[in-house]
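What's in query30.cif: mmCIF, C-alpha atoms
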```
data_start
loop_
_atom_site.label_atom_id
_atom_site.label_comp_id
_atom_site.auth_asym_id
_atom_site.auth_seq_id
_atom_site.Cartn_x
_atom_site.Cartn_y
_atom_site.Cartn_z
CA MET A 121 -8.52 59.41 -12.12
CA ARG A 122 -6.56 59.94 -8.89
CA GLU A 123 -9.81 60.06 -6.92
CA LYS A 124 -10.85 56.77 -8.50
CA TYR A 125 -7.55 55.21 -7.53
CA LYS A 126 -8.00 56.48 -3.99
CA LYS A 127 -11.45 54.90 -3.96
CA LEU A 128 -9.97 51.63 -5.26
CA THR A 129 -7.32 51.47 -2.54
CA GLY A 130 -10.01 52.20 0.04
CA ILE A 131 -12.07 49.27 -1.24
CA LEU A 132 -9.04 46.98 -1.20
CA SER A 133 -7.83 48.09 2.23
CA GLY A 134 -11.17 47.05 3.66
CA CYS A 135 -10.82 43.48 2.36
CA GLY A 136 -8.41 42.29 5.05
CA ARG A 137 -7.12 39.30 3.07
CA LEU A 138 -7.80 38.95 -0.63
CA ALA A 139 -7.46 36.36 -3.39
CA VAL A 140 -7.11 37.93 -6.85
CA ALA A 141 -8.05 36.06 -10.03
CA PHE A 142 -5.00 36.90 -12.13
CA SER A 143 -4.68 36.33 -15.88
CA SER A 144 -1.67 38.63 -16.51
CA GLY A 145 -3.82 41.03 -18.53
CA VAL A 146 -3.83 44.82 -18.10
CA ASP A 147 -6.78 44.92 -15.71
CA SER A 148 -6.01 41.98 -13.44
CA ALA A 149 -2.33 42.99 -13.25
CA PHE A 150 -3.26 46.49 -12.13
CA LEU A 151 -5.77 45.11 -9.62
CA LEU A 152 -3.18 42.70 -8.23
CA PHE A 153 -0.57 45.46 -7.95
CA ALA A 154 -3.02 47.80 -6.20
CA ALA A 155 -4.08 45.01 -3.84
CA ARG A 156 -0.42 44.30 -3.03
CA GLU A 157 0.10 47.99 -2.26
CA ALA A 158 -3.00 48.12 -0.06
CA LEU A 159 -2.73 44.75 1.69
CA GLY A 160 0.91 43.73 1.53
CA GLU A 161 1.38 40.00 2.00
CA ASN A 162 -2.34 39.52 2.64
CA VAL A 163 -2.95 39.15 -1.09
CA THR A 164 -2.39 36.06 -3.26
CA ALA A 165 -2.77 35.64 -7.01
CA PHE A 166 -4.74 32.68 -8.36
CA THR A 167 -4.18 31.86 -12.02
CA ALA A 168 -6.43 29.45 -13.91
CA SER A 169 -4.54 27.17 -16.30
CA ALA A 170 -6.64 25.75 -19.15
CA PRO A 171 -6.42 25.33 -22.96
CA VAL A 172 -8.35 28.59 -23.45
CA PHE A 173 -5.37 30.56 -22.12
CA PRO A 174 -2.20 30.83 -24.23
CA GLU A 175 1.02 29.54 -22.72
CA ARG A 176 2.51 33.01 -23.13
CA GLU A 177 -0.01 34.41 -20.61
CA ARG A 178 0.81 31.67 -18.10
CA ARG A 179 4.51 32.55 -18.31
CA GLU A 180 3.83 36.27 -18.01
CA SER A 181 1.63 35.80 -14.95
CA ALA A 182 4.45 33.92 -13.21
CA GLU A 183 6.99 36.59 -14.19
CA PHE A 184 4.76 39.42 -12.93
CA CYS A 185 4.24 37.79 -9.54
CA GLU A 186 7.94 37.04 -9.18
CA ARG A 187 8.81 40.63 -10.03
CA TYR A 188 6.51 42.06 -7.35
CA GLY A 189 7.00 39.38 -4.74
CA ILE A 190 3.40 38.13 -4.84
CA LYS A 191 2.49 34.55 -3.97
CA ARG A 192 0.86 32.79 -6.93
CA ILE A 193 -1.20 29.61 -7.02
CA GLU A 194 -2.34 27.84 -10.20
CA VAL A 195 -5.66 26.05 -10.51
CA PHE A 196 -6.56 23.59 -13.25
CA PRO A 197 -10.31 23.62 -14.04
CA GLU A 198 -11.56 20.94 -16.47
CA LEU A 199 -13.24 23.29 -18.93
CA LEU A 200 -13.36 20.88 -21.84
CA SER A 201 -15.34 18.38 -19.81
CA LEU A 202 -18.19 20.92 -19.61
CA GLY A 203 -20.75 20.44 -22.38
CA ALA A 204 -22.13 23.96 -21.95
CA PHE A 205 -18.67 25.22 -22.80
CA LYS A 206 -17.68 22.82 -25.59
CA ASN A 207 -20.95 23.32 -27.48
CA ASN A 208 -20.27 27.08 -27.50
CA PRO A 209 -23.74 28.58 -26.91
CA PRO A 210 -24.16 32.39 -26.76
CA ASP A 211 -23.90 32.24 -22.96
CA ARG A 212 -20.71 30.16 -23.10
CA CYS A 213 -18.87 32.86 -21.16
CA TYR A 214 -21.30 32.43 -18.26
CA HIS A 215 -20.60 28.70 -17.95
CA CYS A 216 -16.87 29.19 -18.47
CA LYS A 217 -16.59 31.98 -15.91
CA LYS A 218 -18.68 30.08 -13.40
CA LEU A 219 -16.39 27.04 -13.61
CA LEU A 220 -13.17 29.08 -13.58
CA MET A 221 -14.20 31.37 -10.73
CA GLY A 222 -15.70 28.47 -8.84
CA ALA A 223 -12.36 26.63 -9.05
CA ILE A 224 -10.50 29.73 -7.90
CA LYS A 225 -12.92 30.27 -5.02
CA LYS A 226 -12.45 26.67 -3.91
CA ALA A 227 -8.65 26.93 -4.10
CA ALA A 228 -8.73 30.29 -2.30
CA ALA A 229 -10.91 28.89 0.48
CA ALA A 230 -8.42 26.08 0.97
CA GLU A 231 -5.78 28.78 1.57
CA GLY A 232 -7.99 30.59 4.07
CA PHE A 233 -9.36 33.31 1.79
CA SER A 234 -13.05 34.14 2.05
CA LEU A 235 -12.98 36.95 -0.55
CA VAL A 236 -12.05 36.73 -4.24
CA ALA A 237 -11.65 39.70 -6.61
CA GLU A 238 -11.55 39.84 -10.41
CA GLY A 239 -10.55 42.52 -12.89
CA SER A 240 -13.66 43.70 -14.76
CA ASN A 241 -13.57 47.45 -15.36
CA ALA A 242 -16.16 50.17 -15.98
CA ASP A 243 -16.04 49.69 -19.76
CA ASP A 244 -17.07 46.06 -19.48
CA ALA A 245 -20.62 47.01 -18.57
CA GLY A 246 -21.26 48.07 -22.18
CA ASP A 247 -20.55 44.75 -23.93
CA TRP A 248 -22.27 41.36 -24.08
CA ARG A 249 -20.63 39.75 -21.05
CA PRO A 250 -22.73 36.92 -19.60
CA GLY A 251 -19.71 35.98 -17.50
CA MET A 252 -20.46 38.93 -15.25
CA ARG A 253 -23.60 37.14 -14.08
CA ALA A 254 -21.46 34.24 -12.89
CA VAL A 255 -19.18 36.66 -11.06
CA ARG A 256 -22.13 38.14 -9.19
CA GLU A 257 -23.67 34.73 -8.42
CA LEU A 258 -20.42 33.50 -6.89
CA GLY A 259 -20.01 36.59 -4.73
CA VAL A 260 -16.74 37.57 -6.43
CA ILE A 261 -16.02 41.29 -6.17
CA SER A 262 -14.98 43.61 -9.02
CA PRO A 263 -13.07 46.49 -7.36
CA LEU A 264 -12.03 48.23 -10.60
CA LEU A 265 -15.64 48.33 -11.75
CA GLU A 266 -16.80 49.50 -8.31
CA ALA A 267 -14.24 52.31 -8.38
CA GLY A 268 -15.43 53.36 -11.86
CA LEU A 269 -12.04 52.88 -13.52
CA THR A 270 -12.05 52.58 -17.32
CA LYS A 271 -9.53 50.68 -19.44
CA ASP A 272 -7.77 53.89 -20.54
CA GLU A 273 -7.51 55.08 -16.95
CA ILE A 274 -6.12 51.72 -15.85
CA ARG A 275 -3.49 51.91 -18.59
CA GLU A 276 -2.54 55.45 -17.60
CA LEU A 277 -2.26 54.58 -13.92
CA SER A 278 -0.31 51.43 -14.79
CA ARG A 279 2.14 53.53 -16.80
CA GLY A 280 2.52 55.88 -13.83
CA PHE A 281 3.46 52.92 -11.64
CA SER A 282 5.80 51.56 -14.37
CA LEU A 283 3.87 48.31 -14.63
CA PRO A 284 5.09 46.23 -17.61
CA THR A 285 1.47 45.59 -18.60
CA TRP A 286 0.48 49.23 -19.15
CA ASP A 287 0.62 48.98 -22.95
CA LYS A 288 -0.06 45.27 -23.25
CA PRO A 289 -2.59 44.39 -25.98
CA SER A 290 -6.11 43.62 -24.80
CA LEU A 291 -6.53 39.93 -24.07
CA ALA A 292 -9.47 37.56 -24.27
CA CYS A 293 -9.62 33.80 -23.82
CA LEU A 294 -9.11 31.75 -26.97
CA ALA A 295 -12.71 30.51 -26.85
CA SER A 296 -13.80 34.03 -27.84
CA ARG A 297 -12.33 33.40 -31.30
CA PHE A 298 -15.10 30.96 -32.27
CA ALA A 299 -18.49 31.81 -33.72
CA TYR A 300 -21.28 30.80 -31.36
CA GLY A 301 -22.46 27.26 -32.06
CA ASP A 302 -19.07 26.29 -33.52
CA PRO A 303 -17.78 23.47 -31.26
CA ILE A 304 -14.66 24.11 -29.18
CA THR A 305 -12.01 21.41 -28.84
CA GLU A 306 -8.49 21.36 -27.45
CA GLU A 307 -7.13 20.82 -30.97
CA ARG A 308 -8.93 23.85 -32.37
CA LEU A 309 -7.84 26.03 -29.45
CA SER A 310 -4.26 24.92 -30.05
CA ALA A 311 -4.55 25.81 -33.75
CA VAL A 312 -5.75 29.32 -32.91
CA GLU A 313 -2.96 29.80 -30.36
CA SER A 314 -0.34 28.67 -32.90
CA ALA A 315 -1.78 30.95 -35.60
CA GLU A 316 -1.72 33.96 -33.29
CA GLU A 317 1.81 33.17 -32.08
CA LEU A 318 2.94 33.23 -35.72
CA LEU A 319 1.40 36.67 -36.19
CA PHE A 320 2.95 37.95 -32.96
CA SER A 321 6.35 36.73 -34.23
CA LEU A 322 5.91 38.95 -37.30
CA GLY A 323 5.70 42.06 -35.12
CA LEU A 324 1.93 42.45 -34.76
CA LYS A 325 0.67 43.40 -31.31
CA GLN A 326 -3.13 43.70 -31.28
CA LEU A 327 -4.76 40.85 -33.17
CA ARG A 328 -7.26 38.01 -33.18
CA VAL A 329 -7.63 34.93 -35.38
CA ARG A 330 -11.39 34.43 -35.51
CA VAL A 331 -12.73 31.03 -36.52
CA HIS A 332 -15.81 30.41 -38.65
CA GLY A 333 -16.04 26.69 -39.32
CA ASP A 334 -12.91 25.84 -41.32
CA ALA A 335 -12.14 29.49 -42.11
CA ALA A 336 -9.73 31.78 -40.23
CA ARG A 337 -10.44 35.53 -40.25
CA ILE A 338 -7.51 37.66 -39.14
CA GLU A 339 -8.23 40.91 -37.31
CA THR A 340 -5.44 43.38 -36.67
CA GLU A 341 -5.06 47.12 -36.44
CA LYS A 342 -5.30 48.82 -39.81
CA LYS A 343 -1.79 50.25 -39.49
CA ASP A 344 -0.46 46.66 -39.29
CA MET A 345 -2.33 45.23 -42.26
CA LYS A 346 0.68 45.77 -44.52
CA LYS A 347 2.65 43.32 -42.35
CA ILE A 348 -0.02 40.73 -43.05
CA LEU A 349 0.08 41.37 -46.79
CA ASP A 350 3.89 41.40 -46.89
CA ASN A 351 3.89 37.95 -45.29
CA LYS A 352 0.70 36.60 -46.86
CA ASP A 353 2.29 33.50 -48.42
CA LEU A 354 3.93 32.42 -45.16
CA ILE A 355 0.75 33.10 -43.16
CA SER A 356 -1.44 31.25 -45.64
CA GLU A 357 0.89 28.24 -45.72
CA ARG A 358 1.17 28.00 -41.92
CA LEU A 359 -2.55 28.45 -41.25
CA HIS A 360 -3.49 25.89 -43.90
CA ALA A 361 -1.09 23.49 -42.19
CA LEU A 362 -2.96 24.13 -38.93
CA GLY A 363 -6.18 22.91 -40.58
CA PHE A 364 -7.80 26.13 -41.83
CA LYS A 365 -9.08 25.71 -45.38
CA PHE A 366 -9.66 29.42 -45.88
CA VAL A 367 -7.59 32.36 -44.59
CA SER A 368 -8.77 35.96 -44.82
CA LEU A 369 -7.88 39.43 -43.57
CA ASP A 370 -10.74 41.45 -42.08
CA LEU A 371 -10.61 44.89 -43.70
CA ASP A 372 -12.59 46.42 -40.84
CA GLY A 373 -9.59 45.84 -38.58
CA PHE A 374 -9.36 44.71 -34.97
CA ARG A 375 -12.51 45.09 -32.82
CA SER A 376 -12.57 43.75 -29.30
CA GLY A 377 -15.58 41.45 -28.88
CA SER A 378 -16.44 41.46 -32.59
CA MET A 379 -18.12 38.06 -32.26
CA ASN A 380 -20.70 39.72 -29.99
CA ARG A 381 -22.06 42.09 -32.61
CA VAL A 382 -25.22 40.00 -32.95
CA PHE A 383 -26.14 41.05 -29.38
CA ARG A 384 -25.63 44.76 -29.87
CA GLN A 385 -28.42 47.09 -30.80
#
```

Serialized structure, structure tokens:
Amino acid sequence: MREKYKKLTGILSGCGRLAVAFSSGVDSAFLLFAAREALGENVTAFTASAPVFPERERRESAEFCERYGIKRIEVFPELLSLGAFKNNPPDRCYHCKKLLMGAIKKAAAAEGFSLVAEGSNADDAGDWRPGMRAVRELGVISPLLEAGLTKDEIRELSRGFSLPTWDKPSLACLASRFAYGDPITEERLSAVESAEELLFSLGLKQLRVRVHGDAARIETEKKDMKKILDNKDLISERLHALGFKFVSLDLDGFRSGSMNRVFRQ
């Protein structure tokens, strides 16, 4: 793990000046911190602000950058004006990532940055991630992936550096909550965000509210299912008020990328 971190800092040191696509998640936070250590003030964070990202993540990205003295610039891509995103095809992530990273690249270029990095790690190569194609096409680099760092290693290193994100739950954009082919609108994204904020307020950490038409399927860790059942009346009432006609608890528990199972062998 230490050798991988040494390789990472070597990659970053060779970048000269670097723009980092920063979401406030575990991976991008660690990448941004490592880039700051390697490059000092020659690194700037670029955060995309769009309805697919919860407001909580926007706040946390600002707090992280303030804590470590890193310049942060927000960009505002018009995701919901993109038909290939709203219609939610299986390669939605490709179109989304291409627009987001394209907007960040444009904003970075305006600030004099020729190189943009993002936080994919070595584990990401094993899932259905069409967004990685967009990353490659745009010439965005993935230093964590290049260094061979896995999610568990990134968490362990983050804990060693006392980063506040070391034990943060895995994040994914709110669009990942919808079954492919199920249209995505700002109203539906807002409903999912509100539903998940309710569950967070009840003490759950790792969760998703998956959407199948007018049904909400709650995924959480099996150890936290009792919290769902203890508050089932409140959860049902609130989610119905958000427009979900059916509310269910997935007994298989939380699985990152569970909507992608149709693409796995």

Calculate how many Å separate CA of Leu327 in chain A from CA of Ser201 in chain A, rounding to one decimal.
28.2 Å

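Here the PyMOL selection byres ((chain A and resi 163-165) around 6) captures the residues Arg137, Leu138, Ala139, Val140, Phe142, Glu161, Asn162, Phe166, Lys191 and Arg192 of chain A.
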
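Using only C-alpha atoms, the shortest contact distance between Phe150 in chain A and any of A:Asn241, A:Gln326, A:Asn208, A:Ser368 is found at A:Asn241.
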
Given only C-alpha atoms as the basis, pick out the residue of A:Gly189, A:Pro210, A:Gly136, A:Gly203 nearest to Val236 in chain A.
A:Gly136

Pick from A:Glu341, A:Glu198, A:Asp272, A:Glu313: nearest to Ser296 in chain A, with all atoms listed in the file counted?
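Between A:Glu341, A:Glu198, A:Asp272, A:Glu313, the residue approaching Ser296 in chain A most closely is A:Glu313.
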
Check the smallest atom-to-atom distance from each of A:Arg330, A:Lys325, A:Lys288, A:Arg297 to Ala149 in chain A using all atoms listed in the file, then report the winner.
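Closest residue, counting all atoms listed in the file: A:Lys288.
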
The PyMOL selection byres ((chain A and resi 254) around 10) applied to the shown file, residues as a PyMOL selection string
chain A and resi 213-222+249-253+255-260

Target residues per the PyMOL selection byres ((chain A and resi 303) around 12), formatted as a ChimeraX atom specification:
/A:200,202-210,212,295-302,304-309,331-334

Shortest interatomic distance to Gly130 in chain A - which of A:Glu183, A:Glu177, A:Glu266, A:Asp372, counting only C-alpha atoms:
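Of A:Glu183, A:Glu177, A:Glu266, A:Asp372, the one nearest Gly130 in chain A is A:Glu266, counting only C-alpha atoms.
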
Can you tell me how far CA of Lys225 in chain A sits from CA of Ser262 in chain A, in Å to one decimal?
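That distance, rounded to one decimal, is 14.1 Å.
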
Could you pull the residues within 10 Å of range 126-128 of chain A, counting only C-alpha atoms, minus those fewer than 6 positions along the same chain, as a PyMOL selection string?
chain A and resi 151+154-155+158+263-269

Distance of CA of Ala227 in chain A from CA of Leu283 in chain A, expressed in Å to one decimal place:
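Atom-to-atom, CA of Leu283 in chain A to CA of Ala227 in chain A, that is 26.9 Å.
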
Name the closest residue to Arg176 in chain A among the candidates A:Leu291, A:Leu152, A:Ala230, A:Ile274; distances are taken between atoms, counting only C-alpha atoms.
A:Leu291

Which residues of range 215-320 of chain A have any atom within 10 Å of an atom in range 361-366 of chain A when counting only C-alpha atoms, and what is the closest pair of atoms for each, with the distance in Å to one decimal? Order the rows by chain and rising number and write it as a tab-separated table.
```
residue	atom	partner	partner_atom	distance
A:Glu307	CA	A:Leu362	CA	9.6
A:Arg308	CA	A:Gly363	CA	8.7
A:Ser310	CA	A:Leu362	CA	9.0
A:Ala311	CA	A:Leu362	CA	5.7
A:Val312	CA	A:Leu362	CA	8.4
A:Ser314	CA	A:Leu362	CA	8.0
A:Ala315	CA	A:Leu362	CA	7.7
```

Write a file for range 356-372 of chain A of the given structure; include N, CA and C atoms and format it as an mmCIF file, in the first residue's frame.
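Output file out-v9.cif follows:
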```
data_model
loop_
_atom_site.group_PDB
_atom_site.id
_atom_site.type_symbol
_atom_site.label_atom_id
_atom_site.label_comp_id
_atom_site.auth_asym_id
_atom_site.auth_seq_id
_atom_site.Cartn_x
_atom_site.Cartn_y
_atom_site.Cartn_z
ATOM 1 N N SER A 356 -42.770 5.196 5.524
ATOM 2 C CA SER A 356 -43.834 4.980 4.539
ATOM 3 C C SER A 356 -44.623 6.260 4.287
ATOM 4 N N GLU A 357 -44.987 6.954 5.367
ATOM 5 C CA GLU A 357 -45.763 8.187 5.225
ATOM 6 C C GLU A 357 -44.992 9.240 4.434
ATOM 7 N N ARG A 358 -43.714 9.437 4.778
ATOM 8 C CA ARG A 358 -42.917 10.475 4.125
ATOM 9 C C ARG A 358 -42.662 10.143 2.651
ATOM 10 N N LEU A 359 -42.359 8.880 2.364
ATOM 11 C CA LEU A 359 -42.062 8.518 0.975
ATOM 12 C C LEU A 359 -43.309 8.540 0.112
ATOM 13 N N HIS A 360 -44.459 8.181 0.680
ATOM 14 C CA HIS A 360 -45.708 8.324 -0.071
ATOM 15 C C HIS A 360 -45.957 9.795 -0.386
ATOM 16 N N ALA A 361 -45.662 10.670 0.568
ATOM 17 C CA ALA A 361 -45.860 12.096 0.359
ATOM 18 C C ALA A 361 -44.939 12.633 -0.732
ATOM 19 N N LEU A 362 -43.803 11.961 -0.936
ATOM 20 C CA LEU A 362 -42.871 12.366 -1.984
ATOM 21 C C LEU A 362 -43.282 11.841 -3.361
ATOM 22 N N GLY A 363 -44.354 11.039 -3.413
ATOM 23 C CA GLY A 363 -44.875 10.570 -4.693
ATOM 24 C C GLY A 363 -44.675 9.099 -4.979
ATOM 25 N N PHE A 364 -44.069 8.363 -4.046
ATOM 26 C CA PHE A 364 -43.871 6.925 -4.259
ATOM 27 C C PHE A 364 -45.126 6.176 -3.814
ATOM 28 N N LYS A 365 -45.708 5.399 -4.720
ATOM 29 C CA LYS A 365 -46.922 4.656 -4.382
ATOM 30 C C LYS A 365 -46.620 3.393 -3.586
ATOM 31 N N PHE A 366 -45.431 2.841 -3.804
ATOM 32 C CA PHE A 366 -45.036 1.623 -3.100
ATOM 33 C C PHE A 366 -43.673 1.844 -2.450
ATOM 34 N N VAL A 367 -43.503 1.339 -1.230
ATOM 35 C CA VAL A 367 -42.247 1.478 -0.497
ATOM 36 C C VAL A 367 -41.860 0.104 0.031
ATOM 37 N N SER A 368 -40.627 -0.328 -0.289
ATOM 38 C CA SER A 368 -40.200 -1.664 0.139
ATOM 39 C C SER A 368 -38.776 -1.621 0.678
ATOM 40 N N LEU A 369 -38.450 -2.638 1.479
ATOM 41 C CA LEU A 369 -37.104 -2.828 2.001
ATOM 42 C C LEU A 369 -36.492 -4.033 1.305
ATOM 43 N N ASP A 370 -35.332 -3.852 0.690
ATOM 44 C CA ASP A 370 -34.654 -4.935 -0.018
ATOM 45 C C ASP A 370 -33.943 -5.821 0.991
ATOM 46 N N LEU A 371 -34.382 -7.062 1.115
ATOM 47 C CA LEU A 371 -33.830 -7.979 2.105
ATOM 48 C C LEU A 371 -32.426 -8.459 1.766
ATOM 49 N N ASP A 372 -31.975 -8.221 0.538
ATOM 50 C CA ASP A 372 -30.600 -8.567 0.181
ATOM 51 C C ASP A 372 -29.603 -7.544 0.710
#
```
